[in-house]
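Enquirer: Sharing a structure, written as structure tokens. Questions coming.
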Amino acid sequence: MARLTGAQPVATRRWGCAAAAFLLLLLTVQAAQKADPSGDATAATINHSLTLLQRLQELLQNGNGSDSVLRVRTAASDEAKVFHTHQLLLSLQSEVFESLLHNQSVVTLHEPPETAALFEKFIRYLYCGGVSILLHQAIPMHQLASKYRVWGLQRGVADYMKTHLASESSQGHVVGWYHYAVRIGDAALQESCLQFLAWNLSAVLGSAEWGSVSVELLLLLLERSDLVLHSELELYTAVEGWLSRRQPEGPVAERVLRAIRYPMIAPSQLFRLQAQSAVLARHYSAVQDLLFQAFQFHAASPLHFAKYFDVNCSMFLPRNYLAPSWGSQWVINNPARDDRSTSFQTQLGPSSHDAGKRVTWNVLFSPRWLPVSLRPVYSDSVSGAVQPVRIEDGRPRLVITPAMSSPDFAGVSFQKTVLVGVRQQGRVLVKHAYSFHQSSDETADFLVHADLQKRTSEYLIDNSLHLHIIIKPVYHSLIKVKK
């Protein structure tokens, strides 16, 4: 694109404004034609919007009738990118450009290299209302939209980020997007990123982006009981690697290590950590009380332990562990076809005192369960007639019940969690997690928005529903005994 050396003649600028106004008028007329409510059978919509968009792109590309010039400079380069633009079109989309171009036709903008590289895409959006971006371009494009107050583009990029958390990238991107959302104060994007990281933590622990997790984000994750990972030992190993690489100050390292739920790690593994972990040895005094309490937890009867210690805290609450002793995977082929059932066993509780005790669970899946209000009833007008019910009126149902009762259940309740896996961008990830407690055998919102009748449903992988059912035993404090 040719560089402009001086301001354009006044007549040319006026022609540019007139041309832009004419294009705007065309858009207005087109919208009015499209919305014609006459209802006349001979009415038709003549739509040349694609041609109009092409003309707008040519207007930007060739600089025809340009009445303003943007010169984009970066600190890393002496050259400026020059864009011959039209004041009216820029002002319609951005109040910042409206102010900048109010009394001048040539404006110099200073941008960092990452946003300067996307400035042409950004300007094209202002002319055509559309832009294509890649994962690594999301943050700089959002920065441009925010800086120049192009609110539609800002919302569009934020929505793109929320819907592309599962996309695969070589270095990972969700952690970076979370940190960016914190900086700009986008609470919705923060929560979307945090939820994705929690439900797919095992995938993150083994990726390059784990090392870029901030202290604040790490502590937020460690607080959560809905983390999905193989075991607490897997989490400790990842945290140990993070501490070794980042080398934070002592108080920070101690806060991180004290957030590990040591009672959820078997005694044999705890002994090995004490003998082999350099990080644990360095900060042993900060977690010695937690390790001692964990060994007590495994050695005593849970009922006896609960008399002396408060077990209603996060330290004794399991996370969503994928190890076989905590639950079972269940792949249901053609889930819209008919009812299915399965059974599996879990360990009674995380305490080693309960290591040899098993609980059998029965699970029923129904693809078209109907609430009472929608179940077939007999009609009064026609004897024996049944009101028709559409299949789509029903919703999937999952019922989980223990197949046994035992005195060993005293002081223990069970939280049930059902993970739903989906394939996104070639990876199987957790899309939803449903949790319900012992007082209920099912959750009311299970797959309430899923359409299992469609083979293309986002909830299906190769026409199969991928579930992972997790049973989380929760101990309860009983009558306290004075120590």
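Starting from 1 in every chain, residues are counted up; chains themselves are A, B, ... following the order of the structure tokens, and ligands are numbered from 1 as listed.
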Range 267-279 of chain A: which residues within 8 Å, counting only C-alpha atoms, same-chain residues fewer than 3 positions away excluded, as a PyMOL selection string?
Expert: chain A and resi 233+240+243-244+262+282-283+291+295+298+352
Enquirer: Write a file of the just-selected residues containing all heavy atoms, as a short mmCIF file (atom, residue, chain, number, x, y, z; two decimals), in the first residue's frame.
Expert:
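Okay, this is what ended up in result_26.cif:
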data_model
loop_
_atom_site.label_atom_id
_atom_site.label_comp_id
_atom_site.auth_asym_id
_atom_site.auth_seq_id
_atom_site.Cartn_x
_atom_site.Cartn_y
_atom_site.Cartn_z
N LEU A 233 -1.82 -38.09 44.40
CA LEU A 233 -0.37 -38.23 44.19
C LEU A 233 0.05 -37.61 42.87
O LEU A 233 1.12 -36.99 42.77
CB LEU A 233 0.03 -39.72 44.23
CG LEU A 233 1.52 -40.01 44.05
CD1 LEU A 233 2.34 -39.37 45.18
CD2 LEU A 233 1.77 -41.52 44.01
N GLU A 240 5.11 -30.49 42.83
CA GLU A 240 6.53 -30.58 43.12
C GLU A 240 7.36 -30.08 41.94
O GLU A 240 8.33 -29.32 42.11
CB GLU A 240 6.90 -32.03 43.45
CG GLU A 240 8.37 -32.22 43.82
CD GLU A 240 8.68 -33.69 44.10
OE1 GLU A 240 8.18 -34.55 43.33
OE2 GLU A 240 9.41 -33.97 45.06
N LEU A 243 7.07 -26.24 41.77
CA LEU A 243 7.89 -25.59 42.79
C LEU A 243 9.37 -25.65 42.44
O LEU A 243 10.12 -24.69 42.66
CB LEU A 243 7.65 -26.25 44.15
CG LEU A 243 6.28 -26.01 44.79
CD1 LEU A 243 6.09 -26.89 46.01
CD2 LEU A 243 6.10 -24.54 45.16
N SER A 244 9.80 -26.77 41.87
CA SER A 244 11.21 -26.91 41.50
C SER A 244 11.60 -25.93 40.41
O SER A 244 12.71 -25.38 40.41
CB SER A 244 11.50 -28.35 41.06
OG SER A 244 11.25 -29.26 42.11
N TYR A 262 -3.18 -34.64 51.88
CA TYR A 262 -2.33 -35.80 52.19
C TYR A 262 -3.12 -37.03 52.66
O TYR A 262 -2.71 -38.15 52.35
CB TYR A 262 -1.27 -35.41 53.22
CG TYR A 262 -0.32 -34.35 52.70
CD1 TYR A 262 -0.48 -33.01 53.05
CD2 TYR A 262 0.71 -34.68 51.83
CE1 TYR A 262 0.37 -32.04 52.56
CE2 TYR A 262 1.57 -33.70 51.33
CZ TYR A 262 1.38 -32.38 51.70
OH TYR A 262 2.23 -31.41 51.20
N ARG A 282 12.78 -30.05 51.96
CA ARG A 282 13.14 -28.65 52.17
C ARG A 282 12.10 -27.92 53.02
O ARG A 282 12.42 -27.02 53.78
CB ARG A 282 13.29 -27.96 50.81
CG ARG A 282 13.89 -26.56 50.87
CD ARG A 282 14.03 -25.95 49.48
NE ARG A 282 14.63 -26.89 48.56
CZ ARG A 282 14.06 -27.30 47.42
NH1 ARG A 282 12.87 -26.84 47.07
NH2 ARG A 282 14.67 -28.16 46.62
N HIS A 283 10.82 -28.31 52.87
CA HIS A 283 9.75 -27.61 53.57
C HIS A 283 9.03 -28.54 54.55
O HIS A 283 7.85 -28.31 54.86
CB HIS A 283 8.74 -27.06 52.56
CG HIS A 283 9.33 -26.11 51.55
ND1 HIS A 283 9.63 -24.80 51.86
CD2 HIS A 283 9.71 -26.31 50.26
CE1 HIS A 283 10.14 -24.21 50.78
NE2 HIS A 283 10.21 -25.11 49.80
N LEU A 291 1.20 -34.26 57.62
CA LEU A 291 1.62 -35.64 57.35
C LEU A 291 1.32 -36.54 58.55
O LEU A 291 0.83 -37.66 58.39
CB LEU A 291 3.11 -35.66 57.03
CG LEU A 291 3.53 -35.00 55.70
CD1 LEU A 291 5.04 -34.92 55.61
CD2 LEU A 291 2.97 -35.77 54.52
N PHE A 295 -1.18 -39.88 58.58
CA PHE A 295 -0.85 -41.22 59.04
C PHE A 295 -1.85 -41.66 60.13
O PHE A 295 -2.26 -42.83 60.18
CB PHE A 295 0.58 -41.26 59.58
CG PHE A 295 1.62 -41.30 58.49
CD1 PHE A 295 2.56 -40.28 58.37
CD2 PHE A 295 1.66 -42.35 57.59
CE1 PHE A 295 3.54 -40.32 57.37
CE2 PHE A 295 2.64 -42.39 56.58
CZ PHE A 295 3.56 -41.37 56.47
N HIS A 298 -5.08 -42.80 58.47
CA HIS A 298 -5.02 -44.12 57.84
C HIS A 298 -4.92 -45.25 58.87
O HIS A 298 -5.33 -46.38 58.60
CB HIS A 298 -3.83 -44.19 56.89
CG HIS A 298 -4.04 -43.44 55.61
ND1 HIS A 298 -4.94 -43.84 54.65
CD2 HIS A 298 -3.46 -42.30 55.13
CE1 HIS A 298 -4.93 -42.99 53.64
NE2 HIS A 298 -4.02 -42.05 53.90
N SER A 352 -7.04 -46.16 55.00
CA SER A 352 -6.51 -47.52 54.83
C SER A 352 -7.24 -48.52 55.71
O SER A 352 -7.24 -49.72 55.43
CB SER A 352 -5.01 -47.53 55.17
OG SER A 352 -4.29 -46.80 54.20
#
Enquirer: Taking the chain letters and numbering used in this document, name the residues of range 86-186 of chain A that DSSP puts in helix (DSSP H, G or I), as a ChimeraX atom specification.
Expert: /A:87-93,95-100,113-116,119-128,135-147,151-163,174-184
Enquirer: Leaving out Leu222 in chain A and any residue of its chain fewer than 5 positions from it, which residues lie within 8 Å of it when counting only C-alpha atoms, given as a ChimeraX atom specification?
Expert: /A:256,259-260
Enquirer: May I have the selected residues written with all heavy atoms, as an mmCIF file, in the first residue's frame?
Expert:
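This is the output file result29.cif:
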data_model
loop_
_atom_site.group_PDB
_atom_site.id
_atom_site.type_symbol
_atom_site.label_atom_id
_atom_site.label_comp_id
_atom_site.auth_asym_id
_atom_site.auth_seq_id
_atom_site.Cartn_x
_atom_site.Cartn_y
_atom_site.Cartn_z
ATOM 1 N N VAL A 256 1.364 -23.569 49.177
ATOM 2 C CA VAL A 256 1.053 -24.523 48.115
ATOM 3 C C VAL A 256 1.081 -25.945 48.657
ATOM 4 O O VAL A 256 0.157 -26.746 48.420
ATOM 5 C CB VAL A 256 2.049 -24.356 46.947
ATOM 6 C CG1 VAL A 256 1.904 -25.511 45.951
ATOM 7 C CG2 VAL A 256 1.826 -23.012 46.242
ATOM 8 N N ALA A 259 -1.823 -27.094 50.751
ATOM 9 C CA ALA A 259 -3.097 -27.267 50.044
ATOM 10 C C ALA A 259 -3.256 -28.674 49.479
ATOM 11 O O ALA A 259 -4.338 -29.021 48.984
ATOM 12 C CB ALA A 259 -3.221 -26.237 48.927
ATOM 13 N N ILE A 260 -2.188 -29.487 49.528
ATOM 14 C CA ILE A 260 -2.291 -30.889 49.103
ATOM 15 C C ILE A 260 -3.096 -31.668 50.157
ATOM 16 O O ILE A 260 -2.921 -31.467 51.354
ATOM 17 C CB ILE A 260 -0.892 -31.516 48.931
ATOM 18 C CG1 ILE A 260 -0.120 -30.790 47.830
ATOM 19 C CG2 ILE A 260 -0.992 -33.004 48.621
ATOM 20 C CD1 ILE A 260 -0.703 -30.945 46.446
#
Enquirer: Report as number ranges by chain all protein, DNA and RNA residues lying within 7 Å of range 131-144 of chain A, evaluated on only C-alpha atoms, omitting residues in the same chain fewer than 5 positions from it.
Expert: A: 114-115, 118, 121, 125, 154, 157
Enquirer: List the spatial neighbours of range 446-450 of chain A as number ranges by chain - criterion: any atom at most 9 Å away, only C-alpha atoms, same-chain residues fewer than 5 positions off excluded.
Expert: A: 395-398, 418, 420, 432, 434, 457-459
